[in-house]
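*Asks:* What follows is the file model_5.cif, containing mmCIF, C-alpha atoms and all ligand atoms:
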```cif
data_start
#
loop_
_atom_site.label_atom_id
_atom_site.label_comp_id
_atom_site.auth_asym_id
_atom_site.auth_seq_id
_atom_site.Cartn_x
_atom_site.Cartn_y
_atom_site.Cartn_z
CA MET A 1 -8.81 30.66 -0.07
CA LYS A 2 -11.86 28.77 -1.24
CA LEU A 3 -11.65 26.97 -4.57
CA LYS A 4 -14.44 27.98 -6.90
CA THR A 5 -14.70 24.99 -9.20
CA ALA A 6 -15.09 21.45 -8.02
CA ILE A 7 -12.31 19.33 -9.42
CA PHE A 8 -9.62 21.70 -10.44
CA TYR A 9 -6.11 20.46 -10.17
CA GLN A 10 -4.03 23.44 -10.93
CA ILE A 11 -0.50 24.19 -10.00
CA VAL A 12 -0.52 27.47 -8.17
CA LEU A 13 0.83 30.26 -10.22
CA PHE A 14 2.86 31.54 -7.34
CA SER A 15 6.03 29.62 -8.02
CA TRP A 16 5.84 30.36 -11.72
CA LEU A 17 5.42 34.06 -11.27
CA THR A 18 8.16 34.12 -8.67
CA VAL A 19 10.52 32.49 -11.13
CA LEU A 20 9.35 34.94 -13.76
CA LEU A 21 9.97 37.85 -11.43
CA SER A 22 13.55 36.82 -10.88
CA THR A 23 14.17 37.07 -14.62
CA VAL A 24 12.81 40.57 -15.16
CA ALA A 25 14.38 43.89 -14.43
CA TRP A 26 12.33 46.36 -12.42
CA ALA A 27 10.77 48.55 -15.04
CA GLU A 28 10.78 52.33 -15.15
CA GLU A 29 7.86 53.59 -13.09
CA THR A 30 6.75 55.86 -15.93
CA ALA A 31 6.31 52.98 -18.35
CA ILE A 32 3.72 51.33 -16.17
CA PRO A 33 0.01 52.19 -16.45
CA SER A 34 -0.24 52.31 -12.68
CA GLU A 35 -3.63 53.94 -12.56
CA GLN A 36 -5.42 51.20 -14.48
CA LEU A 37 -3.44 48.49 -12.72
CA GLY A 38 -4.14 50.03 -9.32
CA ALA A 39 -7.87 49.85 -10.08
CA ILE A 40 -7.53 46.15 -10.87
CA PHE A 41 -5.27 45.25 -7.94
CA PRO A 42 -6.03 47.85 -5.25
CA ASN A 43 -3.92 45.99 -2.68
CA ALA A 44 -0.79 45.64 -4.81
CA SER A 45 2.25 47.67 -3.77
CA ASP A 46 3.93 47.69 -7.13
CA PHE A 47 3.80 46.31 -10.66
CA VAL A 48 6.54 44.66 -12.64
CA GLU A 49 6.55 44.72 -16.40
CA LYS A 50 7.35 41.56 -18.31
CA LYS A 51 7.62 41.69 -22.08
CA SER A 52 7.29 38.45 -24.00
CA ASP A 53 7.45 37.12 -27.53
CA LEU A 54 5.18 34.45 -28.96
CA THR A 55 6.86 31.83 -31.12
CA PRO A 56 5.06 30.67 -34.31
CA GLU A 57 4.14 27.38 -32.54
CA LYS A 58 2.63 29.27 -29.61
CA ILE A 59 0.73 31.58 -31.95
CA ALA A 60 -0.72 28.57 -33.74
CA SER A 61 -1.77 26.84 -30.52
CA ILE A 62 -3.34 30.00 -29.08
CA GLU A 63 -5.24 30.73 -32.28
CA ALA A 64 -6.53 27.15 -32.36
CA GLU A 65 -7.68 27.54 -28.76
CA ILE A 66 -9.44 30.87 -29.13
CA GLU A 67 -10.63 30.12 -32.69
CA THR A 68 -9.62 33.60 -33.82
CA GLU A 69 -6.51 35.16 -35.23
CA LEU A 70 -4.29 37.07 -32.86
CA ARG A 71 -3.80 40.76 -33.51
CA PRO A 72 -0.28 42.04 -34.34
CA GLU A 73 0.16 43.58 -30.87
CA ASP A 74 -0.76 40.26 -29.22
CA LEU A 75 2.40 38.70 -30.60
CA LYS A 76 4.63 40.72 -28.24
CA PRO A 77 2.51 40.92 -25.11
CA THR A 78 3.52 43.06 -22.14
CA PHE A 79 2.36 41.53 -18.89
CA TYR A 80 2.16 43.32 -15.57
CA ILE A 81 2.81 41.30 -12.45
CA ALA A 82 1.20 42.80 -9.36
CA VAL A 83 3.34 42.36 -6.24
CA ASP A 84 2.79 43.04 -2.56
CA GLU A 85 5.14 44.88 -0.19
CA ASN A 86 7.37 41.79 0.07
CA LYS A 87 7.63 41.68 -3.73
CA LYS A 88 5.52 38.56 -3.67
CA PRO A 89 3.37 38.23 -6.82
CA VAL A 90 -0.35 38.56 -6.23
CA GLY A 91 -1.60 38.55 -9.81
CA LEU A 92 -1.05 39.16 -13.46
CA ALA A 93 -2.63 41.58 -15.94
CA LEU A 94 -2.58 42.11 -19.68
CA PHE A 95 -4.07 44.88 -21.78
CA VAL A 96 -5.88 43.33 -24.70
CA ALA A 97 -7.59 44.68 -27.82
CA VAL A 98 -10.28 42.75 -29.66
CA GLU A 99 -12.41 43.46 -32.71
CA GLY A 100 -16.06 44.24 -31.93
CA PRO A 101 -18.88 44.83 -34.43
CA GLY A 102 -18.32 48.60 -34.08
CA GLY A 103 -14.52 48.50 -34.16
CA ILE A 104 -11.66 47.92 -31.77
CA ILE A 105 -12.46 47.33 -28.10
CA ASN A 106 -9.60 48.11 -25.72
CA GLY A 107 -9.64 46.35 -22.41
CA SER A 108 -7.69 44.35 -19.87
CA ALA A 109 -7.93 41.06 -18.06
CA ALA A 110 -6.25 40.09 -14.81
CA LEU A 111 -5.68 36.79 -13.05
CA ASP A 112 -5.13 35.95 -9.42
CA MET A 113 -2.56 33.47 -8.17
CA THR A 114 -4.75 30.49 -8.91
CA GLY A 115 -5.20 31.43 -12.57
CA LYS A 116 -8.73 32.70 -12.08
CA VAL A 117 -9.94 35.93 -13.64
CA VAL A 118 -10.01 38.71 -11.06
CA LYS A 119 -11.30 41.44 -13.29
CA VAL A 120 -12.07 42.27 -16.89
CA ARG A 121 -12.22 45.94 -17.83
CA VAL A 122 -13.19 47.75 -21.03
CA TYR A 123 -11.65 51.19 -21.60
CA LYS A 124 -12.35 52.32 -25.16
CA HIS A 125 -14.95 51.02 -27.57
CA SER A 126 -17.69 51.96 -30.03
CA GLU A 127 -20.35 49.56 -28.79
CA ALA A 128 -23.36 49.95 -26.50
CA ALA A 129 -22.25 51.59 -23.25
CA GLY A 130 -23.27 48.52 -21.18
CA ILE A 131 -20.36 46.41 -22.37
CA ALA A 132 -18.02 48.47 -20.20
CA ASP A 133 -20.27 48.20 -17.13
CA GLU A 134 -19.16 46.28 -14.09
CA LYS A 135 -22.64 44.66 -14.11
CA PHE A 136 -21.82 42.95 -17.39
CA LEU A 137 -18.12 42.41 -16.78
CA ALA A 138 -18.46 40.89 -13.29
CA GLN A 139 -19.56 37.57 -14.77
CA PHE A 140 -16.04 36.92 -16.05
CA SER A 141 -14.52 36.98 -12.57
CA GLY A 142 -13.75 33.55 -11.21
CA LYS A 143 -13.51 31.92 -14.62
CA GLY A 144 -10.32 30.22 -15.78
CA ILE A 145 -8.58 28.38 -18.57
CA VAL A 146 -11.08 25.51 -18.51
CA ASP A 147 -14.06 27.80 -19.17
CA LYS A 148 -15.58 28.40 -22.58
CA PHE A 149 -16.32 32.14 -22.57
CA GLU A 150 -19.15 31.49 -25.03
CA VAL A 151 -22.22 33.70 -25.21
CA GLY A 152 -25.27 31.52 -24.68
CA GLU A 153 -23.25 28.91 -22.80
CA ASP A 154 -21.35 30.34 -19.88
CA ILE A 155 -21.64 34.03 -20.81
CA GLU A 156 -24.85 36.04 -20.44
CA PRO A 157 -24.87 38.63 -23.23
CA LEU A 158 -25.91 42.21 -22.84
CA ALA A 159 -29.48 42.34 -24.22
CA GLY A 160 -29.38 42.81 -28.00
CA GLU A 161 -25.58 42.98 -27.98
CA GLU A 162 -24.61 39.37 -28.55
CA ALA A 163 -21.77 40.09 -30.99
CA ALA A 164 -20.23 42.83 -28.84
CA SER A 165 -20.63 40.64 -25.74
CA GLN A 166 -18.83 37.79 -27.48
CA ALA A 167 -16.06 40.17 -28.51
CA VAL A 168 -15.59 41.30 -24.90
CA ALA A 169 -15.53 37.65 -23.77
CA LEU A 170 -12.52 37.23 -26.01
CA ILE A 171 -10.55 39.64 -23.80
CA PRO A 172 -10.17 37.21 -20.86
CA LYS A 173 -10.19 34.17 -23.11
CA LYS A 174 -7.30 35.50 -25.15
CA MET A 175 -5.44 36.71 -22.06
CA LEU A 176 -5.73 33.25 -20.47
CA ALA A 177 -4.62 31.45 -23.64
CA ILE A 178 -1.56 33.70 -24.04
CA SER A 179 -0.63 33.48 -20.34
CA TYR A 180 -0.85 29.71 -20.29
CA ALA A 181 1.03 29.37 -23.56
CA LEU A 182 3.84 31.50 -22.16
CA PHE A 183 4.34 30.59 -18.57
CA LEU A 184 1.48 29.08 -16.65
CA LYS A 185 0.85 25.43 -16.15
CA ARG A 186 -2.42 23.88 -17.17
CA PRO A 187 -4.54 21.77 -14.85
CA ALA A 188 -3.37 18.17 -14.97
CA GLU A 189 -5.37 15.89 -17.22
CA ALA A 190 -7.73 13.75 -15.20
CA ASP A 191 -6.22 10.33 -14.68
CA GLU A 192 -8.93 7.85 -15.53
CA ASP A 193 -7.38 5.33 -13.17
CA VAL A 194 -7.94 7.58 -10.25
CA PRO A 195 -11.46 8.59 -9.25
CA GLU A 196 -12.18 12.25 -8.77
CA THR A 197 -11.77 13.74 -5.35
CA ILE A 198 -13.95 16.18 -3.47
CA GLU A 199 -13.00 19.80 -3.15
CA PRO A 200 -11.30 20.51 0.16
CA GLU A 201 -12.51 23.48 2.21
CA ASP A 202 -9.31 24.09 4.14
CA LEU A 203 -5.84 22.77 4.74
CA LYS A 204 -7.02 20.39 7.44
CA GLU A 205 -9.33 18.76 4.96
CA VAL A 206 -6.50 18.42 2.43
CA MET A 207 -4.44 16.77 5.15
CA ALA A 208 -7.28 14.43 6.10
CA MET A 209 -7.53 13.37 2.44
CA MET A 210 -3.79 12.82 2.36
CA MET A 211 -3.92 10.87 5.61
CA ASP A 212 -6.27 8.28 4.06
CA GLU A 213 -3.79 7.70 1.26
CA TYR A 214 -0.86 7.71 3.65
CA ASP A 215 -2.51 4.93 5.67
CA LEU A 216 -3.06 2.82 2.61
CA ILE A 217 0.53 3.17 1.45
CA ARG A 218 1.95 2.61 4.93
CA THR A 219 -0.11 -0.57 5.28
CA TYR A 220 1.14 -1.82 1.92
CA PHE A 221 4.74 -1.44 3.05
CA GLN A 222 3.97 -3.16 6.35
CA VAL A 223 2.40 -6.28 4.87
CA GLU A 224 4.78 -9.21 4.98
CA ALA A 225 6.54 -9.82 1.69
CA GLY A 226 4.94 -13.25 1.14
CA SER A 227 1.38 -11.97 1.72
CA ARG A 228 1.45 -9.02 -0.67
CA ASP A 229 -0.57 -9.56 -3.82
CA THR A 230 -1.06 -7.60 -7.03
CA GLN A 231 -4.30 -6.14 -5.71
CA ASP A 232 -2.42 -4.58 -2.77
CA LYS A 233 0.07 -3.08 -5.15
CA LYS A 234 -2.61 -1.67 -7.43
CA ALA A 235 -4.42 -0.10 -4.47
CA ALA A 236 -1.17 1.41 -3.16
CA VAL A 237 -0.24 2.85 -6.56
CA GLN A 238 -3.67 4.42 -6.86
CA ALA A 239 -3.35 5.89 -3.39
CA VAL A 240 -0.03 7.46 -4.35
CA LYS A 241 -1.58 8.92 -7.50
CA ARG A 242 -4.36 10.42 -5.45
CA LEU A 243 -1.74 11.80 -3.09
CA VAL A 244 -0.07 13.53 -6.05
CA ARG A 245 -3.35 15.22 -6.82
CA HIS A 246 -4.23 16.11 -3.25
CA ALA A 247 -0.79 17.66 -2.83
CA GLU A 248 -1.64 20.22 -5.50
CA PHE A 249 -4.18 21.74 -3.13
CA ILE A 250 -1.64 22.49 -0.41
CA THR A 251 -0.58 25.92 -1.58
CA TYR A 252 -4.18 27.03 -2.09
CA PHE A 253 -4.35 27.51 1.65
CA GLU A 254 -2.31 29.50 4.09
CA PRO A 255 -0.47 27.48 6.73
CA PRO A 256 -1.18 28.44 10.36
CA LYS A 257 2.51 28.83 11.24
CA ASN A 258 4.93 31.06 9.27
CA PRO A 259 2.22 32.06 6.78
CA ASN A 260 4.51 34.72 5.30
CA ASN A 261 7.13 32.23 4.22
CA THR A 262 5.18 31.46 1.10
CA GLU A 263 8.26 30.81 -0.97
CA GLU A 264 9.53 28.12 1.36
CA TYR A 265 6.04 26.70 1.75
CA GLY A 266 5.59 26.52 -2.04
CA TYR A 267 9.04 25.03 -2.37
CA LEU A 268 8.32 22.25 0.13
CA GLN A 269 5.00 21.54 -1.52
CA LYS A 270 6.72 21.24 -4.89
CA GLN A 271 9.45 19.01 -3.49
CA PHE A 272 6.78 16.81 -1.95
CA HIS A 273 4.76 16.79 -5.16
CA ASP A 274 7.79 15.88 -7.29
CA ALA A 275 9.00 13.22 -4.88
CA ILE A 276 5.56 11.64 -4.70
CA GLN A 277 5.26 11.66 -8.49
CA ALA A 278 8.61 9.88 -8.92
CA PHE A 279 7.57 7.47 -6.17
CA ALA A 280 4.29 6.68 -7.97
CA GLN A 281 6.20 5.66 -11.08
CA ALA A 282 8.73 3.55 -9.21
CA LEU A 283 6.05 1.86 -7.12
CA GLU A 284 4.07 0.95 -10.21
CA ALA A 285 7.19 -0.52 -11.80
CA GLU A 286 8.78 -2.21 -8.79
CA GLY A 287 6.28 -2.57 -5.94
CA VAL A 288 8.12 -2.76 -2.64
CA SER A 289 11.82 -2.58 -3.37
CA GLU A 290 14.85 -1.11 -1.72
CA LYS A 291 14.43 1.95 -3.92
CA THR A 292 10.74 2.53 -3.19
CA GLN A 293 11.25 1.95 0.53
CA LYS A 294 13.97 4.57 0.55
CA GLN A 295 11.80 6.99 -1.48
CA TRP A 296 8.91 6.54 0.92
CA GLN A 297 11.14 7.23 3.92
CA GLU A 298 12.44 10.39 2.22
CA ILE A 299 8.87 11.53 1.59
CA ILE A 300 7.97 11.03 5.25
CA ASP A 301 11.07 13.02 6.27
CA LEU A 302 9.97 15.80 3.96
CA VAL A 303 6.47 15.77 5.43
CA ASP A 304 7.92 15.97 8.95
CA LYS A 305 10.00 18.94 7.88
CA ALA A 306 6.96 20.67 6.37
CA HIS A 307 4.91 20.09 9.51
CA LEU A 308 7.64 21.39 11.79
CA ARG A 309 7.86 24.58 9.78
CA PHE A 310 4.19 25.23 9.05
CA SER A 311 1.93 23.52 11.53
CA VAL A 312 1.41 24.84 15.04
CA GLU A 313 0.59 21.36 16.24
CA GLU A 314 3.05 18.53 16.69
CA ILE A 315 2.08 15.95 14.11
CA ASP A 316 2.92 12.31 14.48
CA LEU A 317 1.43 10.61 11.45
CA ASP A 318 1.57 7.22 13.13
CA GLU A 319 -0.80 8.47 15.80
CA TYR A 320 -3.50 9.72 13.44
C1 LIG B 401 1.64 12.26 3.19
C2 LIG B 401 1.58 13.55 3.31
C3 LIG B 401 0.94 14.29 4.45
C4 LIG B 401 0.08 13.83 5.41
C5 LIG B 401 -0.49 12.45 5.57
C6 LIG B 401 -0.23 14.95 6.26
C7 LIG B 401 -1.05 14.88 7.37
C8 LIG B 401 -1.39 15.93 8.18
C9 LIG B 401 -2.24 15.84 9.33
C10 LIG B 401 -2.90 14.57 9.86
C11 LIG B 401 -2.36 17.09 9.85
C12 LIG B 401 -3.17 17.50 11.09
C13 LIG B 401 -4.51 18.00 10.62
C14 LIG B 401 -5.44 18.40 11.75
O1 LIG B 401 -5.00 19.10 12.67
O2 LIG B 401 -6.61 18.05 11.69
C15 LIG B 401 -1.57 17.97 9.03
C16 LIG B 401 -1.47 19.32 9.20
C17 LIG B 401 -0.73 20.15 8.41
N1 LIG B 401 0.05 19.80 7.32
FE1 LIG B 401 0.25 17.94 6.58
N2 LIG B 401 0.42 16.06 5.82
C18 LIG B 401 1.15 15.72 4.72
C19 LIG B 401 1.96 16.54 3.97
C20 LIG B 401 2.11 17.90 4.16
C21 LIG B 401 2.92 18.77 3.34
C22 LIG B 401 3.75 18.31 2.14
C23 LIG B 401 2.76 20.04 3.84
C24 LIG B 401 3.36 21.35 3.37
C25 LIG B 401 4.16 21.54 2.36
C26 LIG B 401 1.89 19.94 4.97
C27 LIG B 401 1.49 21.02 5.73
C28 LIG B 401 0.64 20.92 6.82
C29 LIG B 401 0.21 22.08 7.60
C30 LIG B 401 0.60 23.51 7.36
C31 LIG B 401 -0.66 21.59 8.58
C32 LIG B 401 -1.43 22.39 9.63
C33 LIG B 401 -2.84 22.58 9.13
C34 LIG B 401 -3.73 23.35 10.08
O3 LIG B 401 -3.58 23.20 11.30
O4 LIG B 401 -4.59 24.09 9.59
N3 LIG B 401 1.51 18.64 5.14
N4 LIG B 401 -0.99 17.23 8.04
#
```
Would it be possible to restate this file's structure as structure tokens?
*Replies:*
Amino acid sequence: MKLKTAIFYQIVLFSWLTVLLSTVAWAEETAIPSEQLGAIFPNASDFVEKKSDLTPEKIASIEAEIETELRPEDLKPTFYIAVDENKKPVGLALFVAVEGPGGIINGSAALDMTGKVVKVRVYKHSEAAGIADEKFLAQFSGKGIVDKFEVGEDIEPLAGEEAASQAVALIPKKMLAISYALFLKRPAEADEDVPETIEPEDLKEVMAMMMDEYDLIRTYFQVEAGSRDTQDKKAAVQAVKRLVRHAEFITYFEPPKNPNNTEEYGYLQKQFHDAIQAFAQALEAEGVSEKTQKQWQEIIDLVDKAHLRFSVEEIDLDEY
């Protein structure tokens, strides 16, 4: 999968939706608007309903974000998780109503597994017909939680229909704000210490980026104790922080071996990500110590395990 925006460190939604799925009962088929959902996710095998409740704190934070009051029905949103034949989540949809200049506009917004809008649809409204056209609605696809959804900025209005266009833009904006408030993780804040990284095109490129950091950290551990200085430590800590960020790209791409074992793949990525994050903190505090040496070895063992399971090639990091 190709990332659409340049620097976009986002935890994949996969693990979150999988966790979510394990907490919901399979809903009655009749309760699910399968026709509309099928038009949004034509490749999904099934849909799972997930009802939620917004707490007063969440309501306040969502309203601050979308700069509009939520409607009464928004407070108990019913999400639909699209799943494939292996019950693996492939996306998330919410039916949303917003207030247009002519009255209520009923629509839906759906996200893919990276938190990007797949589709916005408008079903019932009293505005110009064009606001329900795919031609107008297509511009929302690919946007995400970091986008503004503002007419005149990142949204091209329907000619002469600025207010109605802005109202429709609220459908995905509101859906994203509610989804993130409830169960999705926001992109990590940029760490000013760590320069931005380029967008990788495929898994090999992610690995090449990680390899650079790996080399730096490995060298730091290999330097003789007496010759290590604070500059070495700073460089190593920064390399580990970059590694944390690179690691977030891993699950954006399918591994060449065992590509269907997405759960295990996501799990290993998360283990690696968490271990590296704890290691970054310890390294910053302690430099080379018994603890950080042990952590580093555990990380390498984890990487070996991941490569054995998911790479077709034998990978010996010391030979790269
Ligand atoms: C310090 C961490 C890591 C380093 C330095 C690293 C390094 C590498 C290198 C050098 C390759 C070979 C790339 C090539 O053929 O050009 C590779 C491939 C691969 N790595 Fe990693 N890796 C790391 C962590 C991980 C983790 C945590 C995972 C999975 C959870 C992973 C999954 C893979 C997969 C699936 C491939 C095969 C990619 C392909 O052939 O398209 N790696 N890695």
*Asks:* Give the residue list for ligand LIG 401 (chain B) at 7 Å, counting all atoms listed in the file, as a list in words, sorted by chain and then by residue number.
*Replies:*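 So, counting all atoms listed in the file, the residues near ligand LIG 401 (chain B) are Leu203, Lys204, Met207, Ala208, Met210, Met211, Tyr214, Ala247, Ile250, Pro255, Pro256, Lys257, Tyr265, Gly266, Leu268, Gln269, Phe272, Ile300, Leu302, Val303, Ala306, His307, Phe310, Ser311, Val312, Glu313, Ile315, Leu317 and Tyr320 of chain A.
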*Asks:* Neighbouring residues of A:Ala97 were defined as those with any atom within 12 Å, considering all atoms listed in the file; residues of the same chain fewer than 5 positions away were excluded. Please report them as a list of chain:residue names.
*Replies:*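 The residues satisfying every condition are A:Leu70, A:Arg71, A:Pro72, A:Glu73, A:Asp74, A:Leu75, A:Pro77, A:Gly103, A:Ile104, A:Ile105, A:Asn106, A:Gly107, A:Ser108, A:Ala109, A:Arg121, A:Val122, A:Tyr123, A:Lys124, A:His125, A:Ala167, A:Val168, A:Ala169, A:Leu170, A:Ile171, A:Pro172, A:Lys173, A:Lys174, A:Met175.
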*Asks:* Please list as a PyMOL selection string every residue within 12 Å of A:Ser289, counting only C-alpha atoms and excluding residues in the same chain fewer than 4 positions away.
*Replies:* chain A and resi 220-221+225+233+279+282-285+293-296
*Asks:* For A:Gln139, work out the shell of residues within 10 Å, counting all atoms listed in the file and skipping chain neighbours fewer than 5 positions away, then give it as a PDB file with C-alpha atoms, in the coordinates of the input.
*Replies:*
```pdb
ATOM      1  CA  VAL A 117      -9.940  35.930 -13.640  1.00  0.00           C
ATOM      2  CA  LYS A 119     -11.300  41.440 -13.290  1.00  0.00           C
ATOM      3  CA  VAL A 120     -12.070  42.270 -16.890  1.00  0.00           C
ATOM      4  CA  GLU A 134     -19.160  46.280 -14.090  1.00  0.00           C
ATOM      5  CA  ASP A 154     -21.350  30.340 -19.880  1.00  0.00           C
ATOM      6  CA  ILE A 155     -21.640  34.030 -20.810  1.00  0.00           C
ATOM      7  CA  GLU A 156     -24.850  36.040 -20.440  1.00  0.00           C
ATOM      8  CA  ALA A 169     -15.530  37.650 -23.770  1.00  0.00           C
TER       9      ALA A 169
END
```
*Asks:* For each of A:Pro56, A:Gly91, A:Pro101, A:Gly142, take the minimum atom-to-atom distance to A:Ala181, counting all atoms listed in the file, then give the residue where this is smallest.
*Replies:*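 Closest to A:Ala181 of all the choices is A:Pro56.
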*Asks:* Out of A:Ala44, A:Leu184, A:Ala275, A:Ala163, which residue has the shortest atom-to-atom distance to A:Asn86 when counting all atoms listed in the file?
*Replies:*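 Of all the options, A:Ala44 lies closest to A:Asn86.
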